[in-house]
Amino acid sequence: MKGPIRVAFVVHLMQVAGAEVLVRETIRRLGDRIEPTIFCLDAVGRIGEELVAEGADLVCFHRKPGRDWRVSQRIARAVRARDIEVVHAHQYTPFFYSALAKPLCGFRPKVILTEHGRHFPDRVSPLRRAVNRLVLDRLADSVTACCHFSAQGLSRTDGFAGARIEIIENGIEVERYGPPADKALAKEDAGLEPDRRYLIHVARHHPVKDQVTLLRGFAASVPDLPGVDLLMVGDGPLRAELENLAVDLRVPDRVKFLGIRTDIPELMCAAEAFALTSLSEAASLTLLEAMASGLPAIVTAVGGNPEIVRHESEGLLFPRGNVNGCADAIRRLFRDPELTARLGAAGRERAVERYQLGRTVEEYYALYSRLAGR
């Protein structure tokens, strides 16, 4: 009987983000079916530290700025030392170094590229596209993406062969989320006022998330929604600027900046709706969490959002950067309880049926098994 599949996961660093959480959960859920190693290009990160404390094998290469060609050599040495069978690179740069390491390993390990998000604006140089098409695509034994939007970016922009790209959709621990039995009690438990209603936004405070449009849209809706507040969960380089904008828009008492929180399921339970106003998005885990919580979603019609949330079915979509569209969507949900309930229930059902983390992990394991010849 063959033993566990020896898999190396390659990331930038094991921070708290979608791809890295997926790596952690893949390792934990597959248990002794795989023998995992984590390769961090740049730093260990918080999740990496957690896994090391649990006994995980982790190697950090401390990549230097620019093209650090020695990283591929070091990956090759680590692969050979562990007799790695499958190298799973999450995002392009980890794949770039992993693919170049493959010839140094005698082409033995199978290499997977998984694309998660895309840059905005999504452009690459003609040289990168040519290298991808002529060299790197041929060094990849499998190419996957978390949604059709990311797959199209790999093909149309990066030059990978579109026909071979497999979609393995993101998943979440649906069982951690769900509508509360008592909304007022859920608000009290989350430290919120039970007699008010809440629109929740969970994301890092970064330009691509375009919280400016959300704040402006919310401020425009405030005169019509006297009992509604906005919860801003997260942190980032724009936090101070966004807090100042709330003051300028004269809604500082209606916008709660909560910072980074570990009680996201409880906060979702306490809210009535979720908003994500990104300029670009692939397959947002927080969007899936909101749907699993039974919240209707207000999202921009960009990237993978329309694949997850169908307009007027699980939520309301509007064009990126459109303040009036954002404000109108907020008004509709908070003025129409029947619409809110219908969209929220449909979102919950869709999350349960389609976006289970267990299924995502099993699809990756099936891929590892196929590539390893098991």
# chains A, B, ... in the order shown; residues from 1 in each chain; ligands from 1

$ residues_around --residues "Pro296 of chain A" --least-positions-apart "2" --cutoff "10 Å" --atoms "only C-alpha atoms" --output "PyMOL selection string"
chain A and resi 199+272-275+287+290-294+298-299+309+312-316+333+339-348

$ select_by_dssp --residues "segment 90-198 of chain A" --states "alpha helix (DSSP H)" --output "count of residues only"
31

$ residues_around --residues "Lys110 of chain A" --least-positions-apart "5" --cutoff "8 Å" --atoms "only C-alpha atoms" --output "ChimeraX atom specification"
/A:85-87,140-141,371-372

$ write_last_selection --atoms "N, CA, C and O atoms" --output "PDB file, in the first residue's frame"
ATOM      1  N   GLU A  85       6.483  14.807  -4.342  1.00  0.00           N
ATOM      2  CA  GLU A  85       5.816  14.308  -5.547  1.00  0.00           C
ATOM      3  C   GLU A  85       5.017  15.391  -6.267  1.00  0.00           C
ATOM      4  O   GLU A  85       4.945  15.412  -7.498  1.00  0.00           O
ATOM      5  N   VAL A  86       4.378  16.269  -5.502  1.00  0.00           N
ATOM      6  CA  VAL A  86       3.524  17.312  -6.074  1.00  0.00           C
ATOM      7  C   VAL A  86       3.890  18.654  -5.444  1.00  0.00           C
ATOM      8  O   VAL A  86       3.958  18.773  -4.216  1.00  0.00           O
ATOM      9  N   VAL A  87       4.133  19.651  -6.288  1.00  0.00           N
ATOM     10  CA  VAL A  87       4.395  21.015  -5.837  1.00  0.00           C
ATOM     11  C   VAL A  87       3.172  21.852  -6.205  1.00  0.00           C
ATOM     12  O   VAL A  87       2.859  22.010  -7.387  1.00  0.00           O
ATOM     13  N   ALA A 140       3.985  23.470 -16.272  1.00  0.00           N
ATOM     14  CA  ALA A 140       2.872  23.214 -15.357  1.00  0.00           C
ATOM     15  C   ALA A 140       2.183  21.919 -15.747  1.00  0.00           C
ATOM     16  O   ALA A 140       1.780  21.734 -16.890  1.00  0.00           O
ATOM     17  N   ASP A 141       2.041  21.030 -14.781  1.00  0.00           N
ATOM     18  CA  ASP A 141       1.325  19.778 -15.025  1.00  0.00           C
ATOM     19  C   ASP A 141      -0.174  19.961 -14.857  1.00  0.00           C
ATOM     20  O   ASP A 141      -0.959  19.158 -15.370  1.00  0.00           O
ATOM     21  N   LEU A 371      -2.069  13.253 -10.262  1.00  0.00           N
ATOM     22  CA  LEU A 371      -0.728  13.634 -10.696  1.00  0.00           C
ATOM     23  C   LEU A 371       0.334  12.703 -10.128  1.00  0.00           C
ATOM     24  O   LEU A 371       1.347  12.435 -10.779  1.00  0.00           O
ATOM     25  N   ALA A 372       0.096  12.213  -8.911  1.00  0.00           N
ATOM     26  CA  ALA A 372       1.070  11.325  -8.272  1.00  0.00           C
ATOM     27  C   ALA A 372       0.926   9.885  -8.716  1.00  0.00           C
ATOM     28  O   ALA A 372       1.680   9.012  -8.290  1.00  0.00           O
TER      29      ALA A 372
END

$ closest_residue --among "A:Arg216, A:His119, A:Arg67, A:Arg261" --to "Asn324 of chain A" --atoms "only C-alpha atoms"
A:Arg216

$ select_by_dssp --residues "segment 150-344 of chain A" --states "strand (DSSP E or B)" --output "MDAnalysis selection string"
chainID A and resid 165:167 172 197:202 228:233 255:259 273:276 297:300 311 315:318

$ residues_around --residues "Ala151 of chain A" --least-positions-apart "6" --cutoff "9 Å" --atoms "only C-alpha atoms" --output "list in words"
Glu115, His116, Val143, Thr144, Ala145, Gly162, Ile165, Glu166 and Ile167 of chain A

$ atom_distance --atom1 "atom CA of Pro237 of chain A" --atom2 "atom CA of Lys187 of chain A"
28.7 Å

$ residues_around --residues "Pro207 of chain A" --least-positions-apart "3" --cutoff "12 Å" --atoms "only C-alpha atoms" --output "PyMOL selection string"
chain A and resi 119-121+203-204+210-214+236-239+241-242+277-280+321

$ residues_around --residues "Pro103 of chain A" --least-positions-apart "3" --cutoff "12 Å" --atoms "only C-alpha atoms" --output "list of chain:residue names"
A:Ser72, A:Gln73, A:Ile75, A:Ala76, A:Arg77, A:Val79, A:Arg80, A:Tyr97, A:Ser98, A:Ala99, A:Leu100, A:Gly106, A:Phe107, A:Arg108, A:Pro109, A:Lys110, A:Val111, A:Val135, A:Leu136, A:Arg138, A:Leu139, A:Ala140

$ residues_around --residues "Asp263 of chain A" --least-positions-apart "2" --cutoff "12 Å" --atoms "only C-alpha atoms" --output "MDAnalysis selection string"
chainID A and resid 176:177 186 189:191 202 233:234 258:261 265:270

$ write_last_selection --atoms "N, CA, C and O atoms" --output "mmCIF file, in the first residue's frame"
data_model
loop_
_atom_site.group_PDB
_atom_site.id
_atom_site.type_symbol
_atom_site.label_atom_id
_atom_site.label_comp_id
_atom_site.auth_asym_id
_atom_site.auth_seq_id
_atom_site.Cartn_x
_atom_site.Cartn_y
_atom_site.Cartn_z
ATOM 1 N N ARG A 176 -19.875 26.921 10.334
ATOM 2 C CA ARG A 176 -19.556 27.973 11.313
ATOM 3 C C ARG A 176 -20.501 29.158 11.206
ATOM 4 O O ARG A 176 -20.508 30.038 12.083
ATOM 5 N N TYR A 177 -21.269 29.219 10.137
ATOM 6 C CA TYR A 177 -22.095 30.392 9.864
ATOM 7 C C TYR A 177 -23.555 29.997 9.731
ATOM 8 O O TYR A 177 -23.885 28.860 9.420
ATOM 9 N N ALA A 186 -28.422 38.166 19.191
ATOM 10 C CA ALA A 186 -27.150 38.096 18.457
ATOM 11 C C ALA A 186 -26.455 39.452 18.472
ATOM 12 O O ALA A 186 -25.224 39.528 18.593
ATOM 13 N N ASP A 189 -24.973 39.963 21.940
ATOM 14 C CA ASP A 189 -23.789 39.110 22.097
ATOM 15 C C ASP A 189 -22.580 39.684 21.371
ATOM 16 O O ASP A 189 -21.436 39.465 21.789
ATOM 17 N N ALA A 190 -22.821 40.405 20.265
ATOM 18 C CA ALA A 190 -21.729 41.001 19.492
ATOM 19 C C ALA A 190 -21.364 42.392 19.993
ATOM 20 O O ALA A 190 -20.495 43.053 19.406
ATOM 21 N N GLY A 191 -22.023 42.848 21.051
ATOM 22 C CA GLY A 191 -21.732 44.166 21.602
ATOM 23 C C GLY A 191 -22.350 45.302 20.824
ATOM 24 O O GLY A 191 -21.870 46.442 20.883
ATOM 25 N N VAL A 202 -16.525 43.494 5.466
ATOM 26 C CA VAL A 202 -15.331 42.850 6.022
ATOM 27 C C VAL A 202 -14.278 42.763 4.926
ATOM 28 O O VAL A 202 -14.439 42.036 3.943
ATOM 29 N N VAL A 233 -15.291 46.260 9.250
ATOM 30 C CA VAL A 233 -14.431 45.293 9.930
ATOM 31 C C VAL A 233 -13.166 45.101 9.106
ATOM 32 O O VAL A 233 -13.221 44.807 7.907
ATOM 33 N N GLY A 234 -12.011 45.268 9.736
ATOM 34 C CA GLY A 234 -10.741 45.113 9.047
ATOM 35 C C GLY A 234 -9.807 46.265 9.363
ATOM 36 O O GLY A 234 -10.127 47.156 10.152
ATOM 37 N N LEU A 258 -14.362 48.772 13.373
ATOM 38 C CA LEU A 258 -14.147 47.751 14.398
ATOM 39 C C LEU A 258 -12.762 47.136 14.379
ATOM 40 O O LEU A 258 -12.428 46.360 15.272
ATOM 41 N N GLY A 259 -11.969 47.438 13.339
ATOM 42 C CA GLY A 259 -10.638 46.852 13.258
ATOM 43 C C GLY A 259 -10.692 45.369 12.932
ATOM 44 O O GLY A 259 -11.705 44.844 12.471
ATOM 45 N N ILE A 260 -9.582 44.680 13.166
ATOM 46 C CA ILE A 260 -9.520 43.242 12.913
ATOM 47 C C ILE A 260 -10.241 42.508 14.040
ATOM 48 O O ILE A 260 -9.974 42.746 15.217
ATOM 49 N N ARG A 261 -11.147 41.629 13.681
ATOM 50 C CA ARG A 261 -11.931 40.896 14.661
ATOM 51 C C ARG A 261 -11.807 39.396 14.430
ATOM 52 O O ARG A 261 -11.647 38.932 13.309
ATOM 53 N N PRO A 265 -18.151 35.316 12.530
ATOM 54 C CA PRO A 265 -19.459 34.652 12.467
ATOM 55 C C PRO A 265 -20.507 35.335 13.355
ATOM 56 O O PRO A 265 -21.667 35.470 12.961
ATOM 57 N N GLU A 266 -20.093 35.794 14.540
ATOM 58 C CA GLU A 266 -21.024 36.452 15.450
ATOM 59 C C GLU A 266 -21.463 37.815 14.909
ATOM 60 O O GLU A 266 -22.645 38.189 15.017
ATOM 61 N N LEU A 267 -20.519 38.552 14.302
ATOM 62 C CA LEU A 267 -20.867 39.847 13.721
ATOM 63 C C LEU A 267 -21.791 39.676 12.516
ATOM 64 O O LEU A 267 -22.717 40.467 12.316
ATOM 65 N N MET A 268 -21.548 38.652 11.708
ATOM 66 C CA MET A 268 -22.424 38.371 10.572
ATOM 67 C C MET A 268 -23.842 38.074 11.075
ATOM 68 O O MET A 268 -24.840 38.523 10.490
ATOM 69 N N CYS A 269 -23.943 37.317 12.163
ATOM 70 C CA CYS A 269 -25.254 36.990 12.730
ATOM 71 C C CYS A 269 -26.014 38.244 13.155
ATOM 72 O O CYS A 269 -27.247 38.292 13.090
ATOM 73 N N ALA A 270 -25.276 39.242 13.591
ATOM 74 C CA ALA A 270 -25.899 40.453 14.122
ATOM 75 C C ALA A 270 -26.312 41.441 13.037
ATOM 76 O O ALA A 270 -27.074 42.374 13.301
#
